[in-house]
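See below for the structure under consideration.
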Amino acid sequence: MLTTQNFIQLTNYKLGLDFARVQDQNDAISHYRNQFHIPKDKHGNDWLYFTGNSLGLQPKNTKKYIQQELDDWADFGVEGHFEAKNPWMPYHEFLTDSMAKIVGAKPIEVVVMNTLTTNLHLLMVSFYQPTKTKYKIVIESDAFPSDRYAVQTQLEFHGFDANEGLIEWKPRKGEELLNIEDLEAILNEQGDEIALLLIGGVNYYTGQYLDIKKIAELGHTKNCMVGIDLAHGAGNINPDLHNSGVDFAAWCTYKYLNSGPGSLAGLFVHEKHAHNTKLKRFAGWWSHNKDTRFNMRQPLDVIPGAEGWQLSNPPILSMAAIKASLDMFNEVGMDALRKKSEQLTGYFEFLLNELNNDQIKIITPSNPNERGCQLSIQVKNADKSLHKKLTEAHIITDWREPDVIRCAPVPLYNTFEDVYRMVEKLKEILN
Ligand SMILES: Cc1ncc(COP(=O)(O)O)c(C=O)c1O
Ligand SMILES: Nc1ccccc1C(=O)C[C@H](N)C(=O)O
């Protein structure tokens, strides 16, 4: 596998456009790019799209999958719940096995439902059970704002002061990345007061992929519940959720899982909690035993496992888009994706380092085991003009305040040539 180190050893090799093209020719999964709509400029040239970490591109099959459900709705009305080609009553079950594979879970641990922040709240209803003395929540200091707001309002909902109850796991002074030893220190000092750790598995800003298993071990040693936000992890890295031992996790499907803007989210509850019917939860009729759901007037009989956290009958049109994407993931497999991803991002990192420009600094870890595909490029004395110039050249990255351009070469549809051209343009703008 080509890592950054390999690239550096390849000193005799011209690492320019020719190299990028050879890499693309040798890429075993390059044909998947043709299965996506790639936005184009007015001359018909493909944009260089590096924002799959915000909104993944549309698979060409998505329309067909949604059209199938529209046709079945037209043809069968309510009977589509049973008569549709993919009957709507169990539709979410068609997504479970593929989704479980993507995050390394057992099928009983996974369900697709709601949206990410909604799922985090529902999971906290069950897994944030504070007492008067053990009530604090740890998040990473630069958690995505939605997670921070969710946690603050959970604290307030339970009658605690959100400032006092929230503990931030911070990078050390002058650094951007988190150290697991610092989380350990927080737990050693305040573990008796901490009820929950809710951590972004891959940080949205730095792209740092944290050691989820270690976080779970540390949290559990102090009897804390451990939850992971996998928004930037699902479809990007292999989080091995079941073996990690985390209690719960949630993620969206519109980033690396290419399921469309605002699409439904994933939820994971570890098998060890699957049969604990005593866990508090907010329920709805979709939490209830499928065999007796339509008998009506029944006391709640919760489905074991993740499905028992569902509330409502789900939006099938959104699920159809998820199915289109997951069928592709199932075919390609996370191992092949990760393999290419490490090469593609390694190449990107190499080219950026070759620029040798002290105005820019990659803040994402250089160890492939501590990152997904995203590189976050900090720009000294930044204003947004660099990002604007890239966008004007149809190189789509995103800008995150105060000074970072996030750039995610996605192995399913980005090429080595995309990466090469992006860095060439960056060089031109910086000079
Ligand atoms: C880490 C993280 N958490 C939460 C969210 C919010 O997700 P949603 O709007 O789907 O609830 C996002 C992205 O929007 C995110 O990246
Ligand atoms: N859903 C969106 C809608 C509009 C604009 C951005 C988003 C994002 O997903 C942002 C992403 N979570 C991020 O890491 O910045």
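Quick note on naming: the chains in the structure tokens go A, B, ... in the order shown, residues restart at 1 in each chain, and ligands are numbered from 1 in order of appearance.
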**Prompt:** Quick one: residues within 12 Å of Ser318 of chain A, only C-alpha atoms counted, chain neighbours fewer than 5 positions away excluded, as JSON, numbers by chain?
**Reply:** {"A": [62, 63, 65, 66, 67, 69, 70, 88, 91, 92, 95, 112, 113, 114, 115, 253, 254, 258, 259, 260, 261, 262, 263, 264, 265, 323, 324, 325]}
**Residues within 7 Å of ligand 2, counting only C-alpha atoms and all ligand atoms, as a VMD selection string** = chain A and resid 53 to 55 204 255 261 to 262
**Message:** Give me the residues near segment 227-241 of chain A as a PyMOL selection string, where near means some atom within 6 Å (using only C-alpha atoms) and where sequence neighbours in that chain fewer than 4 positions away do not count.
**Reply:** chain A and resi 103-105+198-202+247-252+256-257+372
Please, could you write that set of residues out with N, CA and C atoms as a short mmCIF file (atom, residue, chain, number, x, y, z; two decimals), in the first residue's frame?
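part.cif, freshly written:
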```
data_model
loop_
_atom_site.label_atom_id
_atom_site.label_comp_id
_atom_site.auth_asym_id
_atom_site.auth_seq_id
_atom_site.Cartn_x
_atom_site.Cartn_y
_atom_site.Cartn_z
N VAL A 103 -20.39 0.07 9.71
CA VAL A 103 -19.88 0.57 11.00
C VAL A 103 -19.34 -0.54 11.90
N GLY A 104 -19.30 -1.77 11.38
CA GLY A 104 -18.75 -2.88 12.17
C GLY A 104 -19.63 -3.25 13.34
N ALA A 105 -20.93 -3.41 13.04
CA ALA A 105 -21.89 -3.72 14.12
C ALA A 105 -22.64 -5.00 13.78
N LEU A 198 -19.52 12.00 25.29
CA LEU A 198 -20.10 12.03 23.94
C LEU A 198 -19.07 12.68 23.02
N ILE A 199 -18.44 11.85 22.21
CA ILE A 199 -17.25 12.30 21.47
C ILE A 199 -17.45 12.09 19.97
N GLY A 200 -17.00 13.07 19.20
CA GLY A 200 -17.00 12.92 17.74
C GLY A 200 -15.88 11.96 17.33
N GLY A 201 -16.23 10.81 16.78
CA GLY A 201 -15.23 9.77 16.46
C GLY A 201 -14.17 10.30 15.48
N VAL A 202 -14.63 11.03 14.45
CA VAL A 202 -13.73 11.77 13.56
C VAL A 202 -14.15 13.23 13.70
N ASP A 247 -21.26 2.34 24.08
CA ASP A 247 -22.66 2.04 24.40
C ASP A 247 -23.59 2.42 23.26
N PHE A 248 -23.31 3.57 22.64
CA PHE A 248 -24.20 3.99 21.56
C PHE A 248 -23.45 4.86 20.57
N ALA A 249 -24.05 5.04 19.41
CA ALA A 249 -23.47 5.93 18.38
C ALA A 249 -24.58 6.38 17.44
N ALA A 250 -24.32 7.47 16.74
CA ALA A 250 -25.26 7.95 15.72
C ALA A 250 -24.47 8.64 14.62
N TRP A 251 -25.02 8.66 13.42
CA TRP A 251 -24.33 9.29 12.28
C TRP A 251 -25.35 9.67 11.23
N CYS A 252 -24.97 10.61 10.38
CA CYS A 252 -25.86 10.99 9.28
C CYS A 252 -25.48 10.19 8.03
N TYR A 256 -20.50 10.87 3.71
CA TYR A 256 -19.81 9.81 2.97
C TYR A 256 -20.78 8.73 2.50
N LEU A 257 -21.98 8.71 3.03
CA LEU A 257 -22.93 7.68 2.61
C LEU A 257 -23.86 8.15 1.49
N GLY A 372 -9.44 9.92 8.58
CA GLY A 372 -10.16 9.34 7.45
C GLY A 372 -9.60 9.95 6.19
#
```
**Prompt:** Using the chain letters and numbers from this document, which residues of segment 153-220 of chain A does DSSP assign to strand (DSSP E or B), as a list of chain:residue names?
**Reply:**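 These are the residues in question: A:Leu166, A:Ile167, A:Glu168, A:Trp169, A:Ile194, A:Ala195, A:Leu196, A:Leu197, A:Leu198, A:Ile199, A:Gly200, A:Val202, A:Gln208, A:Tyr209.
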Output for the residues just chosen: C-alpha atoms as a PDB file, in the first residue's frame:
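This is the output file part-v7.pdb:
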```pdb
ATOM      1  CA  LEU A 166     -19.982  20.350  30.597  1.00  0.00           C
ATOM      2  CA  ILE A 167     -16.351  19.239  30.598  1.00  0.00           C
ATOM      3  CA  GLU A 168     -14.252  19.926  27.524  1.00  0.00           C
ATOM      4  CA  TRP A 169     -11.500  17.594  26.396  1.00  0.00           C
ATOM      5  CA  ILE A 194     -19.003  12.169  35.041  1.00  0.00           C
ATOM      6  CA  ALA A 195     -22.036  10.324  33.689  1.00  0.00           C
ATOM      7  CA  LEU A 196     -21.405  10.428  29.944  1.00  0.00           C
ATOM      8  CA  LEU A 197     -18.711  10.876  27.300  1.00  0.00           C
ATOM      9  CA  LEU A 198     -20.104  12.028  23.941  1.00  0.00           C
ATOM     10  CA  ILE A 199     -17.252  12.300  21.474  1.00  0.00           C
ATOM     11  CA  GLY A 200     -16.998  12.919  17.737  1.00  0.00           C
ATOM     12  CA  VAL A 202     -13.731  11.769  13.558  1.00  0.00           C
ATOM     13  CA  GLN A 208      -8.673  13.503  13.683  1.00  0.00           C
ATOM     14  CA  TYR A 209      -9.941   9.927  14.112  1.00  0.00           C
TER      15      TYR A 209
END
```
**Asked** Taking only C-alpha atoms into account, which of A:Val269, A:Ile360, A:Leu279, A:Met225 comes nearest Val125 of chain A?
**Response**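 Closest to Val125 of chain A of all the choices is A:Leu279.
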**Nearby residues (only C-alpha atoms) at most 9 Å from Asp327 of chain A, same-chain spacing under 5 positions excluded, as a count of residues only** = 4
**Asked** Using only C-alpha atoms, which residues sit within 12 Å of Glu428 of chain A once same-chain residues fewer than 4 positions away are excluded, as a PyMOL selection string?
**Response** chain A and resi 355+357+386+389-390+393+421-424
Could you write out that same residue set with N, CA and C atoms as a short mmCIF file (atom, residue, chain, number, x, y, z; two decimals), in the first residue's frame?
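Heads up, here's the output in out_26.cif:
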```cif
data_model
loop_
_atom_site.label_atom_id
_atom_site.label_comp_id
_atom_site.auth_asym_id
_atom_site.auth_seq_id
_atom_site.Cartn_x
_atom_site.Cartn_y
_atom_site.Cartn_z
N LEU A 355 4.79 21.35 -1.46
CA LEU A 355 4.66 22.79 -1.73
C LEU A 355 5.63 23.59 -0.87
N ASN A 357 5.30 25.36 1.68
CA ASN A 357 4.84 26.74 1.83
C ASN A 357 4.46 26.96 3.29
N LEU A 386 -8.64 32.75 -0.39
CA LEU A 386 -8.05 31.55 -0.98
C LEU A 386 -9.16 30.54 -1.31
N LYS A 389 -11.17 31.70 -4.26
CA LYS A 389 -10.50 31.49 -5.56
C LYS A 389 -10.59 30.02 -5.99
N LEU A 390 -10.45 29.14 -5.03
CA LEU A 390 -10.60 27.71 -5.36
C LEU A 390 -12.01 27.44 -5.89
N ALA A 393 -12.64 28.43 -9.29
CA ALA A 393 -12.06 27.49 -10.25
C ALA A 393 -12.78 26.14 -10.23
N ARG A 421 -4.58 18.04 -9.52
CA ARG A 421 -5.02 19.33 -10.06
C ARG A 421 -5.36 20.33 -8.95
N MET A 422 -5.92 19.79 -7.88
CA MET A 422 -6.26 20.67 -6.75
C MET A 422 -4.99 21.32 -6.20
N VAL A 423 -3.96 20.51 -6.00
CA VAL A 423 -2.73 21.04 -5.38
C VAL A 423 -2.03 22.00 -6.36
N GLU A 424 -2.09 21.69 -7.64
CA GLU A 424 -1.50 22.61 -8.64
C GLU A 424 -2.17 23.98 -8.57
#
```
**Request:** Name the residues in contact with segment 171-181 of chain A at a cut-off of 9 Å, using only C-alpha atoms, excluding same-chain residues fewer than 2 positions from it; report them as a count of residues only.
**Result:** 16
**Item:** Residues within 10 Å of Ala283 of chain A, only C-alpha atoms, excluding chain neighbours under 3 positions, as a PyMOL selection string
**Value:** chain A and resi 122+280+286-288+300+302+308-312
**Item:** Nearest candidate to ligand 1 (options A:Asn381, A:Gln374, A:Asn119, A:Thr397; using only C-alpha atoms and all ligand atoms)
**Value:** A:Asn119
**Request:** Would you please give, as a PyMOL selection string, all residues of segment 84-262 of chain A that DSSP assigns to helix (DSSP H, G or I) based on the backbone?
**Result:** chain A and resi 93-103+107-109+116-127+145-157+162-165+180-193+212-221+241-244
